[in-house]
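Below is the file query-v2.txt, which contains compact mmCIF, C-alpha atoms.
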# COMPACT_ATOMS: atom_id res chain seq x y z
CA MET A 1 46.00 58.22 71.13
CA ALA A 2 45.59 56.91 74.70
CA ALA A 3 42.77 58.25 76.84
CA SER A 4 43.73 60.62 79.63
CA ARG A 5 44.13 59.05 83.04
CA ILE A 6 41.88 61.15 85.29
CA ALA A 7 41.64 60.82 89.06
CA VAL A 8 39.57 62.53 91.74
CA TYR A 9 40.83 63.37 95.22
CA SER A 10 37.93 64.45 97.39
CA GLY A 11 37.54 65.85 100.86
CA THR A 12 36.23 68.78 102.82
CA PHE A 13 39.73 70.30 103.04
CA ASP A 14 38.71 72.41 106.04
CA PRO A 15 41.47 73.50 105.80
CA ILE A 16 43.82 71.92 103.29
CA THR A 17 46.94 70.73 105.13
CA LEU A 18 50.49 69.97 104.06
CA GLY A 19 49.51 66.29 104.23
CA HIS A 20 46.76 66.89 101.67
CA GLU A 21 49.19 68.87 99.53
CA ASP A 22 51.71 66.01 99.65
CA VAL A 23 49.06 63.54 98.45
CA ILE A 24 47.98 65.96 95.70
CA ARG A 25 51.56 66.49 94.52
CA ARG A 26 52.26 62.76 94.28
CA ALA A 27 48.87 61.93 92.72
CA ALA A 28 49.44 64.65 90.12
CA GLY A 29 52.54 62.75 89.05
CA LEU A 30 50.59 59.53 88.58
CA PHE A 31 47.67 60.85 86.51
CA ASP A 32 47.26 63.07 83.48
CA GLU A 33 44.62 65.08 85.32
CA LEU A 34 43.77 65.34 89.00
CA ILE A 35 40.51 66.87 90.16
CA VAL A 36 40.62 68.00 93.77
CA ALA A 37 36.94 67.78 94.67
CA VAL A 38 36.03 70.03 97.59
CA ALA A 39 32.92 68.64 99.27
CA VAL A 40 29.99 70.74 100.44
CA ALA A 41 30.09 68.71 103.70
CA HIS A 42 26.46 68.76 104.83
CA HIS A 43 27.36 66.54 107.81
CA LYS A 44 30.00 68.90 109.24
CA LYS A 45 30.10 72.45 110.50
CA THR A 46 33.06 73.80 108.57
CA ARG A 47 35.36 76.64 109.63
CA PHE A 48 35.60 77.89 106.05
CA SER A 49 32.84 78.33 103.48
CA LEU A 50 32.86 76.15 100.37
CA ASN A 51 34.14 79.05 98.27
CA GLU A 52 36.94 79.78 100.76
CA ARG A 53 37.98 76.11 100.82
CA VAL A 54 38.03 75.93 97.01
CA ALA A 55 40.12 79.13 96.87
CA LEU A 56 42.61 77.77 99.43
CA VAL A 57 42.95 74.53 97.45
CA GLU A 58 43.42 76.51 94.21
CA GLN A 59 46.23 78.47 95.87
CA ALA A 60 47.84 75.25 97.11
CA VAL A 61 47.88 73.56 93.69
CA GLN A 62 49.24 76.53 91.74
CA GLY A 63 52.45 75.67 90.01
CA LEU A 64 52.11 71.91 90.33
CA PRO A 65 53.16 69.98 87.25
CA GLY A 66 50.38 68.34 85.31
CA ARG A 67 46.77 69.29 85.15
CA VAL A 68 45.39 69.82 88.66
CA ARG A 69 42.19 71.70 89.33
CA ALA A 70 39.90 72.29 92.28
CA LEU A 71 36.15 71.89 91.91
CA PRO A 72 33.34 72.16 94.44
CA PHE A 73 31.03 69.17 94.58
CA ASP A 74 27.90 67.97 96.28
CA GLY A 75 26.67 64.40 96.16
CA LEU A 76 28.28 61.06 95.45
CA ILE A 77 31.92 60.95 94.45
CA MET A 78 31.10 58.21 91.91
CA ASP A 79 28.71 60.60 90.14
CA LEU A 80 31.52 63.14 89.90
CA CYS A 81 33.81 60.42 88.52
CA ARG A 82 31.22 59.55 85.85
CA GLU A 83 30.73 63.21 84.94
CA HIS A 84 34.48 63.78 84.45
CA ARG A 85 35.30 60.29 83.12
CA ALA A 86 37.67 59.60 86.00
CA GLN A 87 39.19 56.14 86.26
CA ALA A 88 40.44 56.47 89.84
CA VAL A 89 39.75 57.95 93.23
CA VAL A 90 42.79 58.94 95.27
CA ARG A 91 42.56 58.66 99.04
CA GLY A 92 45.16 59.75 101.56
CA ILE A 93 45.54 57.49 104.56
CA ARG A 94 47.53 58.33 107.69
CA ASN A 95 46.97 55.27 109.87
CA LEU A 96 45.06 52.00 110.33
CA THR A 97 41.90 53.81 111.40
CA ASP A 98 41.89 55.75 108.13
CA PHE A 99 42.60 52.55 106.20
CA ASP A 100 39.68 50.66 107.77
CA TYR A 101 37.27 53.47 106.90
CA GLU A 102 38.70 54.07 103.41
CA ALA A 103 38.73 50.35 102.54
CA GLN A 104 35.01 50.18 103.36
CA MET A 105 34.35 53.28 101.24
CA ALA A 106 36.40 51.85 98.37
CA ALA A 107 34.36 48.64 98.42
CA MET A 108 31.09 50.60 98.40
CA ASN A 109 32.32 52.86 95.60
CA ARG A 110 33.27 49.76 93.58
CA LYS A 111 29.65 48.57 93.93
CA LEU A 112 28.40 51.94 92.70
CA HIS A 113 30.89 52.21 89.82
CA PRO A 114 33.02 49.08 89.17
CA GLY A 115 35.15 50.86 86.57
CA VAL A 116 36.72 53.26 89.06
CA GLU A 117 39.72 52.09 91.09
CA THR A 118 40.71 53.49 94.48
CA VAL A 119 44.37 54.37 94.99
CA PHE A 120 45.66 54.85 98.55
CA LEU A 121 48.59 57.18 99.15
CA LEU A 122 50.33 57.80 102.45
CA PRO A 123 51.63 61.28 103.14
CA GLN A 124 55.27 61.63 104.13
CA ALA A 125 55.89 60.26 107.65
CA GLU A 126 56.33 63.71 109.23
CA LEU A 127 52.91 64.78 107.87
CA GLN A 128 50.90 61.72 108.92
CA CYS A 129 49.91 63.16 112.32
CA ILE A 130 48.30 66.23 110.75
CA SER A 131 44.53 66.42 110.42
CA SER A 132 42.33 69.34 109.50
CA THR A 133 40.42 68.91 112.76
CA LEU A 134 43.59 69.21 114.85
CA VAL A 135 44.83 72.16 112.79
CA ARG A 136 41.55 74.02 113.37
CA GLU A 137 41.64 73.29 117.10
CA ILE A 138 45.29 74.31 117.53
CA ALA A 139 44.70 77.54 115.58
CA LYS A 140 41.53 78.31 117.56
CA LEU A 141 43.53 78.02 120.80
CA GLY A 142 46.26 80.34 119.48
CA GLY A 143 48.82 77.65 118.62
CA ASP A 144 51.31 77.76 115.77
CA VAL A 145 50.16 75.75 112.74
CA SER A 146 52.81 77.05 110.35
CA THR A 147 54.45 73.61 110.03
CA MET A 148 51.10 71.95 109.23
CA VAL A 149 49.59 74.18 106.54
CA ASN A 150 50.83 76.52 103.83
CA PRO A 151 51.24 80.24 104.64
CA ALA A 152 47.94 81.27 103.01
CA VAL A 153 46.01 78.79 105.13
CA ALA A 154 47.89 79.78 108.30
CA ALA A 155 47.01 83.44 107.67
CA SER A 156 43.37 82.63 107.03
CA LEU A 157 43.15 80.69 110.30
CA VAL A 158 44.03 83.76 112.37
CA THR A 159 41.31 85.90 110.81
CA PRO A 160 37.73 85.59 112.06
CA PRO A 161 35.53 83.33 109.91
CA LEU A 162 33.02 84.93 107.57
CA GLN A 163 29.47 84.82 108.79
CA ALA A 164 27.30 82.46 106.74
Would you kindly transcribe this structure into structure tokens?
Amino acid sequence: MAASRIAVYSGTFDPITLGHEDVIRRAAGLFDELIVAVAVAHHKKTRFSLNERVALVEQAVQGLPGRVRALPFDGLIMDLCREHRAQAVVRGIRNLTDFDYEAQMAAMNRKLHPGVETVFLLPQAELQCISSTLVREIAKLGGDVSTMVNPAVAASLVTPPLQA
């Protein structure tokens, strides 16, 4: 019996966008199991708490074929890969700036754990301009983000954030 092909797709997902969902959907078709790792994000002030972000990701992946699950994580992605015996890290890239950064991260991750490959996926062309940062800013200024995020995320962006 062949070992399961497990991949990890990590990010802060603050919030999860349709671009993220596109990458998740396609990665789920490539691997037996996909772990969507929602980062604590010590270096960022997030709009949503870790629990809210995990819940929004869980809603987004419901009904996807294959085994997709959302997990919170803190620390190095390579440690999470070791813990879950993942063979790959999936990264979504929208443009050359993303690629430059992600290529550097992939090289560093290879040094930390040579047995884990990095797989780059591009979201559909019409989703490549979407970023969580822009979605948050547009929503904060009262703009319509309904074509950038799923309905649950759009609804959560119009409600005041929970106090930490």
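Here atom CA of A:Leu34 is placed at a distance of 21.0 Å from atom CA of A:Leu127.
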Kindly give the distance, in Å, that separates atom CA of A:Ile6 and atom CA of A:Gln87, rounded to a single decimal.
5.8 Å
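Taking atom CA of A:Lys140 and atom CA of A:Asp98 as endpoints, the distance between them is 24.5 Å.
Using all atoms listed in the file, the nearest neighbour of A:Leu134 within the list A:Ile16, A:Met105, A:Ala3, A:Leu64 is A:Ile16.
Proximity of A:Gly11, A:Gly66, A:Gly142, A:Pro123 to A:Ala154, computed with all atoms listed in the file, is greatest for A:Gly142.
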List the spatial neighbours of A:Ala41 as a list of chain:residue names - criterion: any atom at most 12 Å away, all atoms listed in the file, same-chain residues fewer than 6 positions off excluded.
A:Ser10, A:Gly11, A:Thr12, A:Phe13, A:Asp14, A:Arg47, A:Phe48, A:Ser49, A:Leu50, A:Arg53, A:Pro72, A:Phe73, A:Asp74, A:Gly75, A:Leu76
Leaving out stretch 18-28 of chain A and any residue of its chain fewer than 4 positions from it, which residues lie within 9 Å of it when counting all atoms listed in the file, given as a PyMOL selection string?
chain A and resi 7+9+13+32-34+36+57+60-61+64-68+90-92+94+121-124+126-131+147-150
